[in-house]
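Everything on this sheet refers to the single structure shown next.
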Amino acid sequence: MSLTFHWFLPTNGDSRHVVGGGHGSPATASGRDRPPTVAYLSQIARAAEDLGFVGALTPTGAWCEDAWLTTAMVSRHTERLKFLVAFRPGFVSPTLAAQMAATFQRHSGGRLLLNVVTGGESQEQRAYGDFLDKDARYRRTDEFLDVVRQLWEGKTVDLRGEHLRVEDARLARVPEPVPEVYFGGSSPIAGEVAARHADVYLTWGEPPAQVAEKIAWIRGLAARWQRAPRFGIRLHVITRDTAAQAWAEADRLLDGFDPETVRAVQAGLARSESEGQRRMLALHDGGSRERLEIHPNLWAGIGLVRGGAGTALVGSHDEVADRIEEYHALGIDEFVLSGYPHLEEAYWFGEGVLPRLAARGLWRHPATEAPLAPLAASAGSR
């Protein structure tokens, strides 16, 4: 089985510096360096498509552009790339969401994937008119996905649930294919919902031992429902021809972190209700710049100024390939990656790491049924 790689569309803006934001913190000023125009995002999407990424994740929240509208526009400038659209169930009815997904599939040629984000920050949820607490939001997500799944099967649905009520709900046309559901969460109730509904369970980039524990946890919960989801991981990446070059780039990014910005971001993230965000903060002791390499080639520096995914694979192309192989051995089959700036870093990874994984028999370009040719010993990569 070939590993699957997704890239990221920075709808909060892009830069040669880290663009902060997420989990209640606003996008940092660096996001204005390269505004998230359709033209620029399409440039990233076309590069990802050519390089062999299967899809591209688009975030959700007040800190970025709307994912549904943006990806619908960008899809017109690509041919094969899928779009992993993050959305929050509390902001739209399940019937409308099922209809939107079906419409997207028809007009894009079946290129929609769904990243269901329950929402970890009550303050941000209330800005959208959602006043449920965190556990109630997960119970609503469970009901929401029950309705959506049945509608996609062509059923007529009636539900009088704790949080949702629909009568005689049905779709005129079901999606073809049915979009896969990607879902993450580290709290006990998140695990229960993931076990019932996730096609792919996503975790942020924790050290391998912690990732292995999460995989075992979700597998055990899912087995009760006779389900066996796949597993993916969300990471940033800094890969270069040599380890020294890669760590020099990580140091450059770290030097650009204003201490006051770090303190403000960390104070905001410390108030997060997200268990996953709490685990990210613990990786760097809530803002410490010491001991940021928390596992060989796994760097927690991004999380000093960015909410959500806060770790990066840093190293030579061979070292990054080694770490990907290490995660794969645990059960990770899908990698959702990003880097600053997203256009250039897509090429560094696509031209540097993917050929090495192909040579190891772990990856093949999705546009061809044959694996890539083995990497020549003298080949330079960028």
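The way I read the labels, and the way they are meant: chains A, B, ... in the order of the structure tokens, residue 1 as the first residue of every chain, and ligand 1 as the first ligand shown, with later ones counted on from there.
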
- prompt: Which parts of range 133-347 of chain A does DSSP call helix (DSSP H, G or I) when run on the backbone here, written out as number ranges by chain?
  reply: A: 134-152, 188-197, 208-223, 243-255, 259-270, 275-283, 301-304, 317-330, 342-347

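For range 113-118 of chain A, the residues within 6 Å (counting only C-alpha atoms, excluding itself and residues fewer than 6 positions away along the chain) are Phe83, Leu84, Val85, Ala86, Phe87, Arg88, Pro179, Glu180, Val181, Tyr182 and Phe183 of chain A.
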
- request: Can you work out which one of A:Leu354, A:Leu283, A:Val305, A:Ala216 has the shortest atom-to-atom distance to Leu269 in chain A, counting only C-alpha atoms?
  value: A:Val305

- prompt: Nearest to Leu330 in chain A among A:Trp225, A:Tyr201, A:Tyr347, A:Phe231, with distances taken over only C-alpha atoms: which residue is it?
  reply: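 Using only C-alpha atoms, the shortest distance to Leu330 in chain A belongs to A:Phe231.
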
- prompt: CA of Ala246 in chain A to CA of Pro259 in chain A: how many Å, to one decimal?
  reply: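 Separation of CA of Ala246 in chain A and CA of Pro259 in chain A: 22.8 Å.
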
Counting only C-alpha atoms, give me one row per residue of range 76-130 of chain A with an atom at most 9 Å from an atom of range 151-166 of chain A, showing the shortest contact pair and its distance in Å to one decimal, sorted by chain then residue number, as a tab-separated table.
residue	atom	partner	partner_atom	distance
A:Ser93	CA	A:Leu164	CA	8.4
A:Pro94	CA	A:Leu164	CA	8.6
A:Thr95	CA	A:Leu151	CA	7.5
A:Ala98	CA	A:Leu151	CA	6.9
A:Gln99	CA	A:Leu151	CA	8.8
A:Ala102	CA	A:Trp152	CA	8.1
